[in-house]
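Reproduced below: run-v3.tsv, with TSV, C-alpha atoms.
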```
chain	number	residue	atom	x	y	z
A	963	MET	CA	34.82	-85.07	119.79
A	964	ASN	CA	38.25	-83.53	119.24
A	965	ILE	CA	39.30	-81.05	116.55
A	966	ILE	CA	42.81	-82.55	116.38
A	967	ASP	CA	41.35	-85.99	115.66
A	968	ILE	CA	39.21	-84.48	112.88
A	969	ILE	CA	42.20	-82.69	111.31
A	970	THR	CA	44.27	-85.89	111.52
A	971	LYS	CA	41.49	-87.94	109.95
A	972	LYS	CA	41.27	-85.64	106.92
A	973	LYS	CA	45.08	-85.39	106.74
A	974	ASN	CA	45.06	-89.19	106.40
A	975	LYS	CA	42.57	-88.98	103.51
A	976	GLN	CA	39.64	-90.34	105.49
A	977	VAL	CA	36.02	-89.28	105.08
A	978	LEU	CA	34.50	-86.98	107.72
A	979	ASN	CA	30.90	-87.59	108.77
A	980	TYR	CA	28.22	-84.94	109.27
A	981	GLU	CA	28.75	-84.62	113.01
A	982	GLU	CA	32.52	-84.20	112.64
A	983	LEU	CA	32.11	-81.50	110.01
A	984	LYS	CA	29.46	-79.77	112.11
A	985	TYR	CA	31.66	-79.89	115.22
A	986	ALA	CA	34.68	-78.42	113.39
A	987	PHE	CA	33.00	-75.73	111.30
A	988	ASN	CA	30.37	-74.55	113.80
A	989	GLY	CA	33.11	-74.66	116.42
A	990	TYR	CA	35.10	-72.20	114.32
A	991	LEU	CA	32.07	-69.94	113.87
A	992	ASN	CA	31.53	-69.95	117.63
A	993	LYS	CA	35.26	-69.26	118.25
A	994	GLU	CA	35.77	-72.61	119.99
A	995	VAL	CA	38.08	-73.83	117.20
A	996	LYS	CA	41.16	-71.66	116.65
A	997	ASP	CA	42.26	-70.01	113.38
A	998	TYR	CA	45.33	-72.23	113.12
A	999	GLN	CA	43.26	-75.39	113.66
A	1000	MET	CA	40.68	-74.51	111.00
A	1001	SER	CA	43.52	-73.45	108.67
A	1002	ALA	CA	45.04	-76.92	109.08
A	1003	LEU	CA	41.70	-78.60	108.33
A	1004	LEU	CA	41.09	-76.40	105.27
A	1005	MET	CA	44.56	-77.22	103.96
A	1006	ALA	CA	43.95	-80.96	104.50
A	1007	ILE	CA	40.67	-80.62	102.57
A	1008	THR	CA	42.37	-78.65	99.79
A	1009	ILE	CA	45.10	-81.29	99.42
A	1010	ASN	CA	43.00	-84.44	99.90
A	1011	GLY	CA	39.60	-83.31	98.63
A	1012	MET	CA	36.10	-84.18	99.83
A	1013	THR	CA	33.57	-86.74	98.65
A	1014	TYR	CA	30.21	-85.60	97.25
A	1015	GLU	CA	28.60	-86.74	100.51
A	1016	GLU	CA	31.00	-84.61	102.58
A	1017	THR	CA	30.39	-81.63	100.29
A	1018	LEU	CA	26.59	-82.00	100.58
A	1019	ASP	CA	26.92	-82.23	104.36
A	1020	LEU	CA	29.13	-79.16	104.54
A	1021	THR	CA	26.74	-77.18	102.32
A	1022	ASP	CA	23.86	-78.10	104.64
A	1023	ILE	CA	25.88	-77.03	107.70
A	1024	PHE	CA	26.69	-73.71	105.99
A	1025	ILE	CA	23.01	-73.09	105.09
A	1026	LYS	CA	21.81	-73.84	108.64
A	1027	SER	CA	24.32	-71.42	110.19
A	1028	GLY	CA	21.98	-68.49	109.46
A	1029	ASP	CA	18.65	-67.36	107.97
A	1030	VAL	CA	17.05	-68.92	104.91
A	1031	TYR	CA	15.00	-66.60	102.68
A	1032	LYS	CA	11.72	-67.76	101.12
A	1033	PHE	CA	9.82	-65.81	98.48
A	1034	ASP	CA	6.16	-66.01	97.47
A	1035	LYS	CA	7.17	-66.90	93.91
A	1036	PRO	CA	10.16	-68.61	92.27
A	1037	VAL	CA	13.15	-66.30	91.92
A	1038	CYS	CA	16.36	-66.71	89.96
A	1039	ASP	CA	20.00	-66.10	90.79
A	1040	LYS	CA	23.29	-66.07	88.96
A	1041	HIS	CA	26.83	-66.53	90.12
A	1042	SER	CA	30.20	-66.07	88.46
A	1043	THR	CA	33.34	-67.63	89.87
A	1044	GLY	CA	35.09	-64.34	89.10
A	1045	GLY	CA	37.23	-62.81	86.40
A	1046	ILE	CA	38.62	-59.64	84.85
A	1047	GLY	CA	36.07	-57.18	83.44
A	1048	ASP	CA	33.21	-59.48	84.44
A	1049	THR	CA	30.32	-57.02	84.57
A	1050	VAL	CA	27.71	-59.59	83.54
A	1051	THR	CA	25.45	-59.18	86.61
A	1052	LEU	CA	24.85	-55.49	85.91
A	1053	ILE	CA	23.65	-56.37	82.41
A	1054	ILE	CA	21.67	-59.57	82.97
A	1055	ALA	CA	19.81	-58.43	86.11
A	1056	PRO	CA	17.75	-55.78	84.26
A	1057	ILE	CA	17.35	-58.05	81.22
A	1058	VAL	CA	15.73	-60.90	83.16
A	1059	ALA	CA	13.69	-58.52	85.35
A	1060	ALA	CA	12.41	-56.79	82.19
A	1061	LEU	CA	11.09	-60.20	81.12
A	1062	ASN	CA	9.17	-60.58	84.41
A	1063	VAL	CA	11.61	-63.12	85.82
A	1064	PRO	CA	12.28	-62.03	89.44
A	1065	MET	CA	15.93	-61.96	90.49
A	1066	ALA	CA	17.23	-61.86	94.07
A	1067	LYS	CA	21.00	-61.85	94.16
A	1068	MET	CA	23.59	-61.61	96.86
A	1069	SER	CA	26.97	-60.60	95.51
A	1070	GLY	CA	30.46	-60.32	96.94
A	1071	LYS	CA	33.34	-57.90	97.04
A	1072	GLY	CA	36.39	-58.45	94.88
A	1073	LEU	CA	39.63	-59.76	96.33
A	1074	GLY	CA	42.98	-60.06	94.59
A	1075	ILE	CA	42.71	-59.49	90.85
A	1076	THR	CA	39.02	-60.32	90.36
A	1077	GLY	CA	36.49	-57.52	90.66
A	1078	GLY	CA	33.42	-57.92	92.85
A	1079	THR	CA	29.91	-56.93	91.81
A	1080	ILE	CA	29.36	-55.14	95.13
A	1081	ASP	CA	32.41	-52.92	94.54
A	1082	LYS	CA	31.06	-52.00	91.11
A	1083	LEU	CA	27.65	-51.15	92.52
A	1084	GLU	CA	29.26	-49.13	95.34
A	1085	SER	CA	30.98	-46.99	92.71
A	1086	ILE	CA	27.49	-45.61	91.98
A	1087	PRO	CA	27.04	-42.76	94.48
A	1088	GLY	CA	24.20	-43.46	96.90
A	1089	PHE	CA	23.58	-47.06	95.80
A	1090	ASN	CA	22.50	-49.16	98.78
A	1091	VAL	CA	24.06	-52.64	98.81
A	1092	ASN	CA	23.22	-53.33	102.46
A	1093	LEU	CA	19.78	-54.84	101.97
A	1094	THR	CA	17.86	-56.46	104.82
A	1095	LYS	CA	15.70	-59.54	104.41
A	1096	GLU	CA	12.71	-57.18	104.19
A	1097	ASP	CA	14.47	-55.09	101.51
A	1098	TYR	CA	14.90	-58.19	99.34
A	1099	HIS	CA	11.22	-59.07	99.62
A	1100	LYS	CA	10.21	-55.47	98.88
A	1101	GLY	CA	12.53	-55.26	95.85
A	1102	ILE	CA	11.12	-58.46	94.39
A	1103	LYS	CA	7.54	-57.28	95.02
A	1104	ASP	CA	8.04	-53.72	93.71
A	1105	ILE	CA	10.32	-54.12	90.67
A	1106	GLY	CA	11.20	-57.84	90.50
A	1107	LEU	CA	14.85	-57.22	91.29
A	1108	ALA	CA	17.14	-56.87	94.32
A	1109	VAL	CA	20.94	-57.12	94.43
A	1110	GLY	CA	22.94	-56.59	97.60
A	1111	ALA	CA	25.88	-57.67	99.73
A	1112	GLN	CA	25.89	-60.77	101.88
A	1113	THR	CA	24.07	-59.96	105.11
A	1114	GLU	CA	25.34	-60.81	108.58
A	1115	ASP	CA	22.50	-63.26	109.15
A	1116	LEU	CA	22.80	-65.20	105.89
A	1117	VAL	CA	25.36	-68.04	105.85
A	1118	PRO	CA	27.63	-66.40	108.45
A	1119	LEU	CA	29.73	-69.57	108.48
A	1120	ASP	CA	30.66	-69.08	104.83
A	1121	LYS	CA	31.70	-65.50	105.55
A	1122	VAL	CA	34.28	-66.46	108.20
A	1123	ILE	CA	35.54	-69.52	106.29
A	1124	TYR	CA	35.87	-67.53	103.05
A	1125	ALA	CA	37.97	-64.88	104.82
A	1126	LEU	CA	40.24	-67.55	106.29
A	1127	ARG	CA	40.57	-69.45	102.99
A	1128	ASP	CA	41.68	-66.28	101.28
A	1129	VAL	CA	44.70	-65.83	103.54
A	1130	THR	CA	45.69	-69.48	103.90
A	1131	GLY	CA	46.15	-70.54	100.26
A	1132	THR	CA	43.02	-72.69	100.29
A	1133	THR	CA	40.83	-70.78	97.82
A	1134	GLU	CA	41.19	-73.30	94.99
A	1135	SER	CA	39.56	-76.31	96.69
A	1136	ILE	CA	36.69	-77.31	94.42
A	1137	PRO	CA	34.48	-78.83	97.17
A	1138	LEU	CA	34.96	-75.69	99.31
A	1139	ILE	CA	34.16	-73.44	96.34
A	1140	ALA	CA	31.03	-75.48	95.58
A	1141	SER	CA	29.80	-75.40	99.20
A	1142	SER	CA	30.44	-71.67	99.44
A	1143	ILE	CA	28.58	-70.84	96.22
A	1144	MET	CA	25.59	-73.12	96.68
A	1145	SER	CA	24.97	-72.44	100.37
A	1146	LYS	CA	24.52	-68.72	99.61
A	1147	LYS	CA	22.33	-69.33	96.56
A	1148	ILE	CA	20.07	-71.77	98.42
A	1149	ALA	CA	19.87	-69.67	101.59
A	1150	CYS	CA	18.99	-66.60	99.50
A	1151	GLY	CA	15.87	-68.40	98.24
A	1152	ALA	CA	16.75	-69.01	94.59
A	1153	THR	CA	14.85	-71.67	92.64
A	1154	TYR	CA	16.64	-71.24	89.30
A	1155	ILE	CA	20.41	-70.80	89.43
A	1156	VAL	CA	22.85	-70.24	86.57
A	1157	ILE	CA	26.53	-70.44	87.45
A	1158	ASP	CA	29.10	-68.99	85.07
A	1159	ILE	CA	32.34	-70.87	85.70
A	1160	LYS	CA	35.21	-68.72	84.48
A	1161	CYS	CA	38.15	-70.77	83.31
A	1162	GLY	CA	41.64	-69.54	82.44
A	1163	GLU	CA	44.63	-67.56	83.67
A	1164	GLY	CA	42.52	-64.65	84.93
A	1165	ALA	CA	40.15	-66.86	86.92
A	1166	LEU	CA	40.17	-68.90	90.12
A	1167	ILE	CA	39.63	-72.06	88.03
A	1168	LYS	CA	42.59	-72.45	85.69
A	1169	THR	CA	41.78	-75.59	83.65
A	1170	GLU	CA	38.74	-76.93	81.80
A	1171	GLU	CA	39.11	-80.21	83.72
A	1172	ASP	CA	38.72	-78.38	87.05
A	1173	ALA	CA	35.82	-76.33	85.64
A	1174	LYS	CA	33.99	-79.53	84.66
A	1175	GLU	CA	34.62	-81.04	88.09
A	1176	LEU	CA	33.25	-77.93	89.81
A	1177	SER	CA	30.24	-78.04	87.48
A	1178	GLU	CA	29.46	-81.60	88.58
A	1179	TYR	CA	29.67	-80.65	92.25
A	1180	LEU	CA	27.37	-77.64	91.77
A	1181	ILE	CA	24.73	-79.58	89.85
A	1182	LYS	CA	24.75	-82.45	92.39
A	1183	ILE	CA	24.33	-80.02	95.28
A	1184	GLY	CA	21.49	-78.25	93.41
A	1185	THR	CA	19.70	-81.55	92.76
A	1186	HIS	CA	20.11	-82.62	96.40
A	1187	PHE	CA	18.51	-79.39	97.63
A	1188	ASN	CA	15.79	-79.43	94.95
A	1189	ARG	CA	17.12	-76.45	92.98
A	1190	LYS	CA	17.42	-76.18	89.21
A	1191	VAL	CA	21.05	-75.44	88.36
A	1192	LYS	CA	22.71	-74.84	85.00
A	1193	THR	CA	26.41	-74.20	84.56
A	1194	LEU	CA	28.27	-72.43	81.77
A	1195	ILE	CA	32.02	-72.64	81.31
A	1196	THR	CA	33.41	-69.46	79.75
A	1197	SER	CA	36.98	-68.38	78.98
A	1198	MET	CA	38.92	-65.97	81.18
A	1199	ASP	CA	42.31	-65.96	79.45
A	1200	GLU	CA	41.52	-62.46	78.19
A	1201	PRO	CA	39.47	-59.75	79.94
A	1202	LEU	CA	35.76	-60.17	79.31
A	1203	SER	CA	35.24	-56.47	78.78
A	1204	ASN	CA	37.21	-53.49	77.47
A	1205	ALA	CA	36.77	-51.75	80.82
A	1206	VAL	CA	38.46	-52.99	84.00
A	1207	GLY	CA	37.84	-50.92	87.13
A	1208	ASN	CA	34.68	-50.26	89.08
A	1209	ALA	CA	33.21	-47.01	87.72
A	1210	LEU	CA	34.54	-47.81	84.24
A	1211	GLU	CA	32.73	-51.15	84.27
A	1212	VAL	CA	29.46	-49.58	85.42
A	1213	LEU	CA	29.71	-47.05	82.59
A	1214	GLU	CA	30.38	-49.82	80.06
A	1215	ALA	CA	27.41	-51.86	81.31
A	1216	LYS	CA	25.25	-48.73	81.00
A	1217	GLU	CA	26.48	-48.18	77.44
A	1218	ILE	CA	25.71	-51.77	76.39
A	1219	LEU	CA	22.21	-51.59	77.88
A	1220	GLU	CA	21.54	-48.16	76.41
A	1221	THR	CA	22.95	-48.72	72.90
A	1222	ASN	CA	23.04	-52.53	72.50
A	1223	LYS	CA	26.74	-52.17	71.67
A	1224	GLN	CA	28.10	-55.39	70.12
A	1225	THR	CA	30.86	-56.68	72.39
A	1226	LYS	CA	32.07	-59.96	73.89
A	1227	LEU	CA	30.63	-58.81	77.24
A	1228	ARG	CA	27.21	-58.35	75.62
A	1229	ASP	CA	27.35	-61.80	74.01
A	1230	VAL	CA	28.29	-63.59	77.24
A	1231	SER	CA	25.63	-61.62	79.15
A	1232	LEU	CA	22.97	-62.62	76.64
A	1233	GLU	CA	24.00	-66.28	76.97
A	1234	VAL	CA	23.76	-66.18	80.77
A	1235	ALA	CA	20.44	-64.26	80.72
A	1236	ALA	CA	18.97	-66.66	78.14
A	1237	ASN	CA	19.81	-69.68	80.30
A	1238	ILE	CA	18.10	-68.09	83.31
A	1239	VAL	CA	15.00	-67.12	81.33
A	1240	SER	CA	14.78	-70.54	79.64
A	1241	MET	CA	14.62	-72.27	83.04
A	1242	ALA	CA	12.20	-69.78	84.56
A	1243	LYS	CA	9.83	-69.78	81.58
A	1244	ASN	CA	10.44	-73.44	80.65
A	1245	ILE	CA	11.37	-72.59	77.06
A	1246	LYS	CA	14.36	-73.41	74.86
A	1247	VAL	CA	17.54	-71.37	75.34
A	1248	ASN	CA	17.38	-70.10	71.73
A	1249	GLU	CA	13.82	-68.84	72.25
A	1250	ALA	CA	14.89	-67.18	75.50
A	1251	LYS	CA	17.84	-65.53	73.77
A	1252	ILE	CA	15.50	-63.92	71.24
A	1253	LEU	CA	13.44	-62.48	74.10
A	1254	CYS	CA	16.57	-61.20	75.87
A	1255	ALA	CA	17.93	-59.62	72.68
A	1256	LYS	CA	14.59	-57.91	72.09
A	1257	VAL	CA	14.48	-56.15	75.50
A	1258	LEU	CA	18.07	-55.01	74.87
A	1259	GLU	CA	17.21	-53.65	71.42
A	1260	ASN	CA	14.04	-51.81	72.45
A	1261	GLN	CA	15.70	-50.38	75.62
A	1262	THR	CA	13.23	-52.06	77.99
A	1263	ALA	CA	16.23	-53.58	79.80
A	1264	TYR	CA	17.93	-50.17	79.97
A	1265	LYS	CA	14.80	-48.61	81.50
A	1266	MET	CA	14.75	-51.43	84.05
A	1267	PHE	CA	18.46	-50.77	84.76
A	1268	GLU	CA	17.72	-47.10	85.50
A	1269	LYS	CA	14.69	-48.07	87.60
A	1270	TRP	CA	16.70	-50.62	89.61
A	1271	ILE	CA	19.65	-48.30	90.31
A	1272	SER	CA	17.29	-45.50	91.32
A	1273	TYR	CA	15.20	-47.89	93.47
A	1274	GLN	CA	18.31	-48.78	95.47
A	1275	HIS	CA	19.08	-45.03	95.75
A	1276	GLY	CA	21.96	-44.91	93.25
A	1277	ASP	CA	22.63	-41.88	91.02
A	1278	LEU	CA	23.95	-42.99	87.62
A	1279	SER	CA	24.63	-39.38	86.58
A	1280	LYS	CA	27.31	-39.14	89.29
A	1281	VAL	CA	29.34	-42.23	88.28
A	1282	LYS	CA	32.76	-40.84	87.40
A	1283	ALA	CA	36.05	-42.28	86.24
A	1284	SER	CA	39.25	-40.40	87.07
A	1285	ASP	CA	40.15	-37.46	84.83
A	1286	LYS	CA	43.86	-38.30	85.22
A	1287	ILE	CA	44.75	-40.53	82.27
A	1288	ILE	CA	48.03	-42.13	81.16
A	1289	LYS	CA	48.24	-43.43	77.60
A	1290	LEU	CA	49.80	-46.87	77.17
A	1291	LYS	CA	51.45	-46.94	73.75
A	1292	SER	CA	52.84	-49.72	71.56
A	1293	ASN	CA	56.62	-49.86	71.36
A	1294	ARG	CA	56.58	-51.69	68.03
A	1295	ASN	CA	54.67	-52.49	64.85
A	1296	GLY	CA	52.92	-55.84	64.79
A	1297	THR	CA	49.80	-57.83	65.61
A	1298	ILE	CA	48.32	-58.27	69.09
A	1299	THR	CA	48.46	-62.02	69.76
A	1300	LYS	CA	47.21	-61.88	73.35
A	1301	ILE	CA	45.79	-59.57	75.99
A	1302	SER	CA	46.58	-61.20	79.34
A	1303	ALA	CA	43.62	-61.21	81.75
A	1304	LEU	CA	45.99	-61.99	84.62
A	1305	LYS	CA	48.28	-59.04	83.86
A	1306	VAL	CA	45.36	-56.65	83.26
A	1307	GLY	CA	43.87	-57.65	86.61
A	1308	LYS	CA	47.17	-57.17	88.41
A	1309	LEU	CA	47.74	-53.79	86.76
A	1310	ALA	CA	44.24	-52.61	87.72
A	1311	GLY	CA	45.05	-53.65	91.28
A	1312	LEU	CA	48.27	-51.64	91.24
A	1313	LEU	CA	46.29	-48.59	90.15
A	1314	GLY	CA	43.99	-49.03	93.17
A	1315	ALA	CA	40.97	-50.75	91.59
A	1316	GLY	CA	41.27	-53.90	93.72
A	1317	ARG	CA	42.21	-55.04	97.20
A	1318	LYS	CA	44.72	-57.48	98.64
A	1319	THR	CA	42.97	-57.75	102.00
A	1320	LYS	CA	39.34	-57.23	102.93
A	1321	GLU	CA	40.32	-54.08	104.84
A	1322	ASP	CA	41.89	-52.37	101.79
A	1323	LYS	CA	40.04	-49.36	100.41
A	1324	ILE	CA	39.24	-49.32	96.69
A	1325	ASP	CA	39.50	-46.27	94.45
A	1326	TYR	CA	36.36	-46.64	92.35
A	1327	SER	CA	37.52	-44.08	89.78
A	1328	VAL	CA	40.67	-45.85	88.56
A	1329	GLY	CA	41.11	-48.65	86.05
A	1330	ILE	CA	42.00	-49.57	82.49
A	1331	LYS	CA	40.22	-49.06	79.19
A	1332	LEU	CA	41.46	-51.34	76.42
A	1333	LEU	CA	41.37	-49.70	73.00
A	1334	CYS	CA	42.61	-52.66	70.94
A	1335	SER	CA	41.64	-56.31	70.62
A	1336	GLU	CA	43.33	-59.62	69.90
A	1337	ASN	CA	44.51	-60.12	66.27
A	1338	GLU	CA	44.47	-56.36	65.66
A	1339	THR	CA	47.40	-54.87	63.74
A	1340	VAL	CA	49.03	-51.94	65.55
A	1341	THR	CA	51.82	-49.48	64.84
A	1342	LYS	CA	54.61	-48.16	67.02
A	1343	GLY	CA	53.35	-45.25	69.13
A	1344	GLN	CA	49.70	-46.25	68.79
A	1345	VAL	CA	47.66	-45.91	72.00
A	1346	LEU	CA	46.66	-49.41	73.12
A	1347	ALA	CA	44.99	-48.58	76.42
A	1348	LEU	CA	44.12	-45.74	78.75
A	1349	LEU	CA	45.12	-45.99	82.40
A	1350	TYR	CA	42.81	-44.05	84.70
A	1351	VAL	CA	44.92	-43.14	87.75
A	1352	ASN	CA	44.64	-41.05	90.90
A	1353	ASP	CA	48.18	-39.73	90.53
A	1354	LEU	CA	49.84	-38.91	87.21
A	1355	ASN	CA	53.23	-39.43	88.85
A	1356	ILE	CA	52.42	-43.00	89.83
A	1357	LYS	CA	55.41	-45.32	89.40
A	1358	ILE	CA	54.41	-48.53	87.60
A	1359	PRO	CA	57.11	-51.18	87.03
A	1360	GLU	CA	57.78	-51.67	83.31
A	1361	GLU	CA	57.02	-55.39	83.59
A	1362	ASP	CA	53.51	-54.68	84.91
A	1363	LEU	CA	52.67	-52.61	81.84
A	1364	LYS	CA	53.22	-55.57	79.49
A	1365	ILE	CA	49.56	-56.57	79.24
A	1366	PHE	CA	49.69	-56.93	75.44
A	1367	GLU	CA	51.70	-59.51	73.50
A	1368	ILE	CA	52.62	-58.11	70.09
A	1369	LYS	CA	54.38	-60.07	67.34
```

Here is the file; what I need is its structure written in the form of structure tokens.
Amino acid sequence: MNIIDIITKKKNKQVLNYEELKYAFNGYLNKEVKDYQMSALLMAITINGMTYEETLDLTDIFIKSGDVYKFDKPVCDKHSTGGIGDTVTLIIAPIVAALNVPMAKMSGKGLGITGGTIDKLESIPGFNVNLTKEDYHKGIKDIGLAVGAQTEDLVPLDKVIYALRDVTGTTESIPLIASSIMSKKIACGATYIVIDIKCGEGALIKTEEDAKELSEYLIKIGTHFNRKVKTLITSMDEPLSNAVGNALEVLEAKEILETNKQTKLRDVSLEVAANIVSMAKNIKVNEAKILCAKVLENQTAYKMFEKWISYQHGDLSKVKASDKIIKLKSNRNGTITKISALKVGKLAGLLGAGRKTKEDKIDYSVGIKLLCSENETVTKGQVLALLYVNDLNIKIPEEDLKIFEIK
């Protein structure tokens, strides 16, 4: 078999069989296929697509590249395709665990403008994200909850392909996204999986048409591997939460769990949690939502949140946002017609809350707190947002501060 023949075949819009995919992708993992050769194959896949059969085969190859976790009881998992202010995992994990639905979740770091759950958890001093296989089993047994970073031994093929996709303009391939997501979920031992597909300018998936296509791929893969998968398509044209930045988002999640604060983030989190609980308990989503709302209201979920963070050695009392704050003020009277998720994400990155490469260091203390919402009337000079910075003399281009549209 020859990697050049495989690249050429996909370039010519032909279907690759299992053995060809295995040869190419495992060859890359074993450093027998070069970066530039795999980049060419990934680009051919991104341009010409993959059939369902190819995608199922690739997912299987990904899964078999490392360990597969198995738990004594069914566990649930949740995935988001990424967005701005998407702190849903930190809220739903304690909600579902408080309802005796075990959750084992592997999360990723953020790249570009979208924040990663692992970065948010690492903004909690002491919190251990580097869980071993044994740690996952112990977390599920002890408190019914374990969330950590992808381990070296779990889907290592996805790890190297993901890193290459990110720097070769091949992140938006729907079959590659589907294989990446589902291989990790299946290998991590999940029985019930809810996938929140973010759709809009601040997300990887830009159109509803693409979101629906991805949904079909995910469900077909789940069915093939005997997993129960539900997908939700939610908007990411505006930030999901009022806080964007790692420590800020942790503090907002804590506030919602502690006070049941009514926000868009709370509503989306309840929807995701209810879908997980409905599958795990085999009840209607509306019934599950009532249960989820109840553990939020009576602070059972908040107590589970504190228990979980402490169990993984985190200290919530030491989560701190920067004390250096710049006020972003309105330059006119009018009504806010839009808050751009894309621009908010880019601005947070400029402040140091994100990374452009995997090697970049994140400043967990910086970020943005939005003080106004869409359709709100504002006056000239009114403070619209607070920018938490590490240097008050930071130079931010005027264009990058235009996160609000006011008419």

note - atom CA of Val1156 of chain A and atom CA of Ser1142 of chain A are separated by 15.0 Å

Long-range neighbours of segment 1097-1099 of chain A as a PyMOL selection string, 8 Å cut-off, all atoms listed in the file, 5 positions minimum in chain
chain A and resi 1033+1066+1108-1109

Would you mind listing, for every residue of segment 1022-1127 of chain A within 7 Å of segment 1274-1282 of chain A, the two atoms forming the shortest contact and the distance between them in Å to one decimal, using only C-alpha atoms, sorted by chain and ascending residue number, as a Markdown table?
```
| residue | atom | partner | partner_atom | distance |
| --- | --- | --- | --- | --- |
| A:Ser1085 | CA | A:Val1281 | CA | 6.7 |
| A:Ile1086 | CA | A:Val1281 | CA | 5.3 |
| A:Pro1087 | CA | A:Gly1276 | CA | 5.7 |
| A:Gly1088 | CA | A:Gly1276 | CA | 4.5 |
| A:Phe1089 | CA | A:Gly1276 | CA | 3.7 |
| A:Asn1090 | CA | A:Gln1274 | CA | 5.4 |
```

If you keep C-alpha atoms, can you produce a file of those selected residues as a CSV table (one decimal), keeping the file's coordinate frame?
```
chain,number,residue,atom,x,y,z
A,1085,SER,CA,31.0,-47.0,92.7
A,1086,ILE,CA,27.5,-45.6,92.0
A,1087,PRO,CA,27.0,-42.8,94.5
A,1088,GLY,CA,24.2,-43.5,96.9
A,1089,PHE,CA,23.6,-47.1,95.8
A,1090,ASN,CA,22.5,-49.2,98.8
```

So that I can see what lies close to Thr1153 of chain A, please list as a ChimeraX atom specification the residues with an atom at most 8 Å from it, counting all atoms listed in the file and leaving out residues fewer than 6 positions away in the same chain.
/A:1036-1039,1189-1190

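From atom CA of Asp1158 of chain A back to atom CA of Leu1346 of chain A, the distance works out to 28.9 Å.
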
From the options A:Lys1192, A:Lys1040, A:Lys1071, A:Lys972, which residue's atoms come nearest to Arg1317 of chain A, counting all atoms listed in the file?
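Checking each candidate against Arg1317 of chain A, we get A:Lys1071 as the closest.
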
Smallest atom-to-atom distance to Gly1078 of chain A: which of A:Thr1094, A:Ser1135, A:Asn1208, A:Asn1337, using only C-alpha atoms?
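Of the candidates, the smallest distance to Gly1078 of chain A is held by A:Asn1208.
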
Residue nearest Ala1255 of chain A - candidates A:Glu994, A:Asp1115, A:Glu1233, A:Glu1171, atoms counted: all atoms listed in the file
A:Glu1233

Determine, counting all atoms listed in the file, which protein, DNA and RNA residues have an atom within 10 Å of an atom of Glu1134 of chain A; residues of the same chain fewer than 3 positions away are not included. Present the result as a list in words.
Thr1008, Ile1009, Arg1127, Asp1128, Gly1131, Pro1137, Leu1138, Ile1139, Leu1166, Ile1167, Lys1168 and Asp1172 of chain A

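Between atom CA of Tyr1179 of chain A and atom CA of Leu1018 of chain A there is a distance of 9.0 Å.
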
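Across A:Val1257, A:Leu1052, A:Leu983, A:Met1000, the tightest approach to Ala1236 of chain A is made by A:Val1257 when counting all atoms listed in the file.
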
Residues near Ile969 of chain A, anyone? I mean within 10 Å using only C-alpha atoms, not counting same-chain ones fewer than 6 positions away, as a list in words.
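Listing them by chain and then by number gives Gln976, Leu978, Glu982, Ala986, Gln999, Met1000, Ser1001, Ala1002, Leu1003, Leu1004, Met1005, Ala1006 and Ile1007 of chain A.
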
Residue among A:Phe1267, A:Tyr1014, A:Tyr990, A:Tyr1326 lying closest to Val1206 of chain A, counting only C-alpha atoms:
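Of A:Phe1267, A:Tyr1014, A:Tyr990, A:Tyr1326, the one nearest Val1206 of chain A is A:Tyr1326, counting only C-alpha atoms.
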
Write out as a list in words each polymer residue whose atoms come within 12 Å of Ile1301 of chain A, counting only C-alpha atoms; drop sequence neighbours fewer than 5 positions from it.
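So, after excluding close chain neighbours, the residues are Ile1046, Glu1163, Gly1164, Met1198, Asp1199, Glu1200, Pro1201, Leu1202, Ser1203, Asn1204, Val1306, Gly1307, Leu1332, Leu1333, Cys1334, Ser1335, Glu1336, Asn1337, Glu1338, Leu1346, Ala1347, Leu1363, Lys1364, Ile1365, Phe1366, Glu1367 and Ile1368 of chain A.
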
Determine the nearest neighbour of Ser1327 of chain A from the options A:Leu1180, A:Ala1315, A:Val1050, A:Ala1250, counting only C-alpha atoms.
A:Ala1315

Take every atom of segment 1017-1027 of chain A listed in the file, fit an axis-aligned box around them, add 3 Å per side, and give the centre and edge lengths in Å to one decimal as JSON.
```
{"center_x": 26.1, "center_y": -76.8, "center_z": 105.2, "size_x": 14.6, "size_y": 16.8, "size_z": 15.9}
```
